[in-house]
Structures are given as structure tokens and as C-alpha cells.
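Trainee: Okay, so here is model-v2.pdb, and as you'll see once you scroll down, it has PDB, C-alpha atoms and all ligand atoms.
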ATOM      1  CA  MET A  72      -6.427  -3.306   1.641  1.00  0.00           C
ATOM      2  CA  SER A  73      -3.303  -3.968   3.631  1.00  0.00           C
ATOM      3  CA  VAL A  74      -3.014  -7.316   5.336  1.00  0.00           C
ATOM      4  CA  GLU A  75      -0.305  -8.649   7.602  1.00  0.00           C
ATOM      5  CA  LEU A  76       0.880 -11.856   5.983  1.00  0.00           C
ATOM      6  CA  VAL A  77       3.074 -13.094   8.824  1.00  0.00           C
ATOM      7  CA  ASP A  78       1.619 -16.249  10.372  1.00  0.00           C
ATOM      8  CA  ARG A  79      -1.001 -16.422   7.655  1.00  0.00           C
ATOM      9  CA  THR A  80      -1.880 -19.637   5.890  1.00  0.00           C
ATOM     10  CA  LEU A  81      -0.836 -19.074   2.311  1.00  0.00           C
ATOM     11  CA  VAL A  82      -2.171 -21.352  -0.374  1.00  0.00           C
ATOM     12  CA  ALA A  83      -1.223 -21.692  -4.014  1.00  0.00           C
ATOM     13  CA  CYS A  84      -3.345 -22.460  -7.035  1.00  0.00           C
ATOM     14  CA  ARG A  85      -2.662 -26.002  -8.174  1.00  0.00           C
ATOM     15  CA  VAL A  86      -2.848 -24.982 -11.816  1.00  0.00           C
ATOM     16  CA  CYS A  87      -0.895 -21.714 -12.119  1.00  0.00           C
ATOM     17  CA  GLY A  88       0.828 -21.417  -8.729  1.00  0.00           C
ATOM     18  CA  TRP A  89      -0.649 -18.008  -7.857  1.00  0.00           C
ATOM     19  CA  VAL A  90      -0.511 -17.478  -4.094  1.00  0.00           C
ATOM     20  CA  HIS A  91      -3.521 -16.363  -2.037  1.00  0.00           C
ATOM     21  CA  TYR A  92      -4.022 -16.095   1.689  1.00  0.00           C
ATOM     22  CA  LEU A  93      -6.805 -17.867   3.531  1.00  0.00           C
ATOM     23  CA  MET A  94      -9.484 -15.471   4.612  1.00  0.00           C
ATOM     24  CA  THR A  95     -11.035 -15.770   8.064  1.00  0.00           C
ATOM     25  CA  ALA A  96     -14.758 -15.720   8.734  1.00  0.00           C
ATOM     26  CA  ALA A  97     -14.363 -12.313  10.391  1.00  0.00           C
ATOM     27  CA  GLU A  98     -12.648 -10.883   7.322  1.00  0.00           C
ATOM     28  CA  LYS A  99     -15.337 -12.253   5.055  1.00  0.00           C
ATOM     29  CA  ARG A 100     -17.990 -10.647   7.242  1.00  0.00           C
ATOM     30  CA  ALA A 101     -16.128  -7.330   7.075  1.00  0.00           C
ATOM     31  CA  HIS A 102     -16.079  -7.573   3.279  1.00  0.00           C
ATOM     32  CA  ASP A 103     -19.760  -8.412   3.215  1.00  0.00           C
ATOM     33  CA  GLN A 104     -20.539  -5.399   5.374  1.00  0.00           C
ATOM     34  CA  SER A 105     -18.397  -3.121   3.213  1.00  0.00           C
ATOM     35  CA  ILE A 106     -20.432  -3.973   0.099  1.00  0.00           C
ATOM     36  CA  ALA A 107     -23.834  -4.160   1.805  1.00  0.00           C
ATOM     37  CA  ARG A 108     -24.597  -0.519   1.039  1.00  0.00           C
ATOM     38  CA  TYR A 109     -24.310  -1.137  -2.706  1.00  0.00           C
ATOM     39  CA  GLU A 110     -27.459  -3.285  -2.780  1.00  0.00           C
ATOM     40  CA  LEU A 111     -26.067  -5.725  -5.312  1.00  0.00           C
ATOM     41  CA  SER A 112     -28.303  -7.704  -7.612  1.00  0.00           C
ATOM     42  CA  VAL A 113     -28.356 -11.482  -7.258  1.00  0.00           C
ATOM     43  CA  ALA A 114     -25.960 -11.841 -10.213  1.00  0.00           C
ATOM     44  CA  GLU A 115     -23.598  -9.230  -8.795  1.00  0.00           C
ATOM     45  CA  ARG A 116     -23.759 -10.910  -5.423  1.00  0.00           C
ATOM     46  CA  ASP A 117     -22.880 -14.283  -6.974  1.00  0.00           C
ATOM     47  CA  ALA A 118     -19.932 -12.706  -8.786  1.00  0.00           C
ATOM     48  CA  TYR A 119     -18.771 -11.129  -5.543  1.00  0.00           C
ATOM     49  CA  GLU A 120     -18.927 -14.475  -3.701  1.00  0.00           C
ATOM     50  CA  LEU A 121     -17.139 -16.232  -6.551  1.00  0.00           C
ATOM     51  CA  GLU A 122     -14.221 -13.817  -6.278  1.00  0.00           C
ATOM     52  CA  PHE A 123     -13.281 -15.482  -3.008  1.00  0.00           C
ATOM     53  CA  ARG A 124     -13.773 -18.999  -4.323  1.00  0.00           C
ATOM     54  CA  GLN A 125     -11.403 -19.144  -7.243  1.00  0.00           C
ATOM     55  CA  CYS A 126      -7.904 -18.293  -8.446  1.00  0.00           C
ATOM     56  CA  LEU A 127      -7.464 -14.611  -9.237  1.00  0.00           C
ATOM     57  CA  ARG A 128      -5.479 -15.509 -12.313  1.00  0.00           C
ATOM     58  CA  CYS A 129      -6.926 -18.660 -13.873  1.00  0.00           C
ATOM     59  CA  GLU A 130     -10.288 -19.092 -12.075  1.00  0.00           C
ATOM     60  CA  THR A 131      -9.471 -22.559 -10.737  1.00  0.00           C
ATOM     61  CA  PRO A 132     -11.817 -23.310  -7.796  1.00  0.00           C
ATOM     62  CA  SER A 133     -10.213 -22.715  -4.397  1.00  0.00           C
ATOM     63  CA  GLU A 134     -10.986 -26.324  -3.393  1.00  0.00           C
ATOM     64  CA  MET A 135      -8.118 -27.226  -5.742  1.00  0.00           C
ATOM     65  CA  PHE A 136      -5.555 -25.108  -3.909  1.00  0.00           C
ATOM     66  CA  ARG A 137      -2.640 -26.525  -1.917  1.00  0.00           C
ATOM     67  CA  ILE A 138      -0.386 -25.087   0.776  1.00  0.00           C
ATOM     68  CA  ALA A 139       2.126 -22.712  -0.797  1.00  0.00           C
ATOM     69  CA  THR A 140       5.816 -23.614  -0.790  1.00  0.00           C
ATOM     70  CA  ARG A 141       8.457 -21.429   0.867  1.00  0.00           C
ATOM     71  CA  GLN A 142       9.680 -20.284  -2.544  1.00  0.00           C
ATOM     72  CA  GLU A 143       6.186 -19.348  -3.692  1.00  0.00           C
ATOM     73  CA  ILE A 144       5.615 -17.392  -0.496  1.00  0.00           C
ATOM     74  CA  ASP A 145       8.863 -15.466  -0.966  1.00  0.00           C
ATOM     75  CA  GLN A 146       7.809 -14.521  -4.480  1.00  0.00           C
ATOM     76  CA  ALA A 147       4.287 -13.654  -3.377  1.00  0.00           C
ATOM     77  CA  LEU A 148       5.537 -11.150  -0.799  1.00  0.00           C
ATOM     78  CA  ASN A 149       6.735  -8.947  -3.668  1.00  0.00           C
ATOM     79  CA  ARG A 150       3.225  -8.430  -4.970  1.00  0.00           C
ATOM     80  CA  THR A 151      -0.346  -8.200  -3.833  1.00  0.00           C
ATOM     81  CA  VAL A 152      -1.634 -11.372  -2.212  1.00  0.00           C
ATOM     82  CA  THR A 153      -5.376 -11.689  -2.529  1.00  0.00           C
ATOM     83  CA  PRO A 154      -7.756 -13.404  -0.114  1.00  0.00           C
ATOM     84  CA  VAL A 155      -9.495 -16.667  -0.828  1.00  0.00           C
ATOM     85  CA  LEU A 156     -11.993 -18.858   0.965  1.00  0.00           C
ATOM     86  CA  VAL A 157     -11.560 -22.615   0.977  1.00  0.00           C
ATOM     87  CA  GLY A 158     -14.476 -24.657   2.253  1.00  0.00           C
ATOM     88  CA  ASP A 159     -16.147 -23.085   5.256  1.00  0.00           C
ATOM     89  CA  PRO A 160     -14.527 -19.839   6.381  1.00  0.00           C
ATOM     90  CA  ALA A 161     -11.854 -20.370   9.012  1.00  0.00           C
ATOM     91  CA  GLY A 162     -12.806 -19.599  12.590  1.00  0.00           C
ATOM     92  CA  ASP A 163     -12.053 -16.336  14.313  1.00  0.00           C
ATOM     93  CA  ALA A 164      -9.436 -17.838  16.623  1.00  0.00           C
TER      94      ALA A 164
HETATM   95 ZN    ZN B 201      -4.520 -20.250 -10.891  1.00  0.00          ZN
END
Once more with this new file: its structure as C-alpha cells, please.
Mentor:
Amino acid sequence: MSVELVDRTLVACRVCGWVHYLMTAAEKRAHDQSIARYELSVAERDAYELEFRQCLRCETPSEMFRIATRQEIDQALNRTVTPVLVGDPAGDA
């Protein structure tokens, strides 16, 4: 998945500093639709939802994240930045 990171809200894990970008409600819906055909079990579905609710690296809940610093963002642009949901999904605006 290729995502334009310009003008994105980038957040960093408070524990390990790993940078993620905030997913919008529309993006989450698109993800949900892309996996709908797999007919996941309840456990698989929970695991799928959890992916967007925690740090990719250390599994810290996304509620613990903070806004990423300029330096962290610069470093993050050299690698894959993964999506995360914090609280309710951001609006479509
Ligand atoms: Zn982390």
C-alpha cells in the first residue's frame, strides 16, 4: 500500500518512538472492505482490528501515542509508515 504522507498527521509510539500515520475513517472502511471476502472468524477479526490499535513494534496501545517530532518524521520517511487508529476514526474531511 502506498500512501502520500505529506500533510498527514504522524504520531509516534510513546514507548519505542516508532512512527505511524493516523488513518481516516474512509481508509479504515476501505481496509474493512478489502478483507470482507475472507470471512474471518471472530478471533481473526479481533486480531485484524487490534493491528490498527497498537504499535507495530512493541504493541503499546495507540491511545498512548503522541505527535511525532520533526526528526522522527524525517527518519520515518526512509521506511514504511504503517497506519494506526487513535480513538474514533478521523473524519473524511
Ligand atoms: Zn512502540
Trainee: Per residue of chain A within 7 Å of ligand ZN 201 (chain B), note the shortest atom pair and the distance in Å to one decimal, counting only C-alpha atoms and all ligand atoms, and order the rows by chain and increasing residue number, as JSON lines.
Mentor:
{"residue": "A:Cys84", "atom": "CA", "partner": "B:ZN201", "partner_atom": "ZN", "distance": 4.6}
{"residue": "A:Arg85", "atom": "CA", "partner": "B:ZN201", "partner_atom": "ZN", "distance": 6.6}
{"residue": "A:Val86", "atom": "CA", "partner": "B:ZN201", "partner_atom": "ZN", "distance": 5.1}
{"residue": "A:Cys87", "atom": "CA", "partner": "B:ZN201", "partner_atom": "ZN", "distance": 4.1}
{"residue": "A:Gly88", "atom": "CA", "partner": "B:ZN201", "partner_atom": "ZN", "distance": 5.9}
{"residue": "A:Trp89", "atom": "CA", "partner": "B:ZN201", "partner_atom": "ZN", "distance": 5.4}
{"residue": "A:Cys126", "atom": "CA", "partner": "B:ZN201", "partner_atom": "ZN", "distance": 4.6}
{"residue": "A:Leu127", "atom": "CA", "partner": "B:ZN201", "partner_atom": "ZN", "distance": 6.6}
{"residue": "A:Arg128", "atom": "CA", "partner": "B:ZN201", "partner_atom": "ZN", "distance": 5.0}
{"residue": "A:Cys129", "atom": "CA", "partner": "B:ZN201", "partner_atom": "ZN", "distance": 4.1}
{"residue": "A:Glu130", "atom": "CA", "partner": "B:ZN201", "partner_atom": "ZN", "distance": 6.0}
{"residue": "A:Thr131", "atom": "CA", "partner": "B:ZN201", "partner_atom": "ZN", "distance": 5.5}
Trainee: I need the output of the PyMOL selection byres (((chain A and resi 123) around 10) and not hetatm) for this file as a PDB file with C-alpha atoms, keeping the file's coordinate frame; which residues are they?
Mentor:
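As written to disk, out-v6.pdb reads:
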ATOM      1  CA  HIS A  91      -3.521 -16.363  -2.037  1.00  0.00           C
ATOM      2  CA  LEU A  93      -6.805 -17.867   3.531  1.00  0.00           C
ATOM      3  CA  MET A  94      -9.484 -15.471   4.612  1.00  0.00           C
ATOM      4  CA  LYS A  99     -15.337 -12.253   5.055  1.00  0.00           C
ATOM      5  CA  ALA A 118     -19.932 -12.706  -8.786  1.00  0.00           C
ATOM      6  CA  TYR A 119     -18.771 -11.129  -5.543  1.00  0.00           C
ATOM      7  CA  GLU A 120     -18.927 -14.475  -3.701  1.00  0.00           C
ATOM      8  CA  LEU A 121     -17.139 -16.232  -6.551  1.00  0.00           C
ATOM      9  CA  GLU A 122     -14.221 -13.817  -6.278  1.00  0.00           C
ATOM     10  CA  ARG A 124     -13.773 -18.999  -4.323  1.00  0.00           C
ATOM     11  CA  GLN A 125     -11.403 -19.144  -7.243  1.00  0.00           C
ATOM     12  CA  CYS A 126      -7.904 -18.293  -8.446  1.00  0.00           C
ATOM     13  CA  LEU A 127      -7.464 -14.611  -9.237  1.00  0.00           C
ATOM     14  CA  PRO A 132     -11.817 -23.310  -7.796  1.00  0.00           C
ATOM     15  CA  SER A 133     -10.213 -22.715  -4.397  1.00  0.00           C
ATOM     16  CA  THR A 153      -5.376 -11.689  -2.529  1.00  0.00           C
ATOM     17  CA  PRO A 154      -7.756 -13.404  -0.114  1.00  0.00           C
ATOM     18  CA  VAL A 155      -9.495 -16.667  -0.828  1.00  0.00           C
ATOM     19  CA  LEU A 156     -11.993 -18.858   0.965  1.00  0.00           C
ATOM     20  CA  VAL A 157     -11.560 -22.615   0.977  1.00  0.00           C
TER      21      VAL A 157
END
Trainee: Out of A:Arg116, A:Gly158, A:Leu148, A:Ser105, which residue has the shortest atom-to-atom distance to Arg79 in chain A when counting all atoms listed in the file?
Mentor: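 Distance minimum relative to Arg79 in chain A lands on A:Leu148.
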Trainee: Using all atoms listed in the file, find the one residue out of A:Leu81, A:Ile106, A:Ala114, A:Val90 that sits nearest to Arg150 in chain A.
Mentor: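 Answer, going by the shortest atom-to-atom distance: A:Val90.
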Trainee: CA of Ala101 in chain A to CA of Val152 in chain A: how many Å, to one decimal?
Mentor: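 The value is 17.7 Å.
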Trainee: How far is it from CA of Ala96 in chain A to CA of Asp159 in chain A, in Å with one decimal?
Mentor: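 Rounded to one decimal, the two atoms are 8.3 Å apart.
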Trainee: I'd like the box whose edges run along x, y and z of the file and which contains every listed atom of range 131-139 of chain A, padded by 3 Å per side; could you state its centre and edge lengths in Å, one decimal, as JSON?
Mentor:
{"center_x": -4.8, "center_y": -24.9, "center_z": -5.0, "size_x": 19.9, "size_y": 10.7, "size_z": 17.5}
Trainee: Work out how far CA of Met135 in chain A is from CA of His102 in chain A, in Å to one decimal.
Mentor: 23.0 Å
Trainee: Apply the PyMOL selection byres (((chain A and resi 137) around 6) and not hetatm) to the displayed file and report the matching residues as a PyMOL selection string.
Mentor: chain A and resi 82-83+136+138
Trainee: Between A:Ser112, A:Thr80, A:Thr95, A:Gln104, which one has atoms that come closest to Thr140 in chain A, using all atoms listed in the file?
Mentor: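 Among the listed residues, the smallest separation from Thr140 in chain A belongs to A:Thr80.
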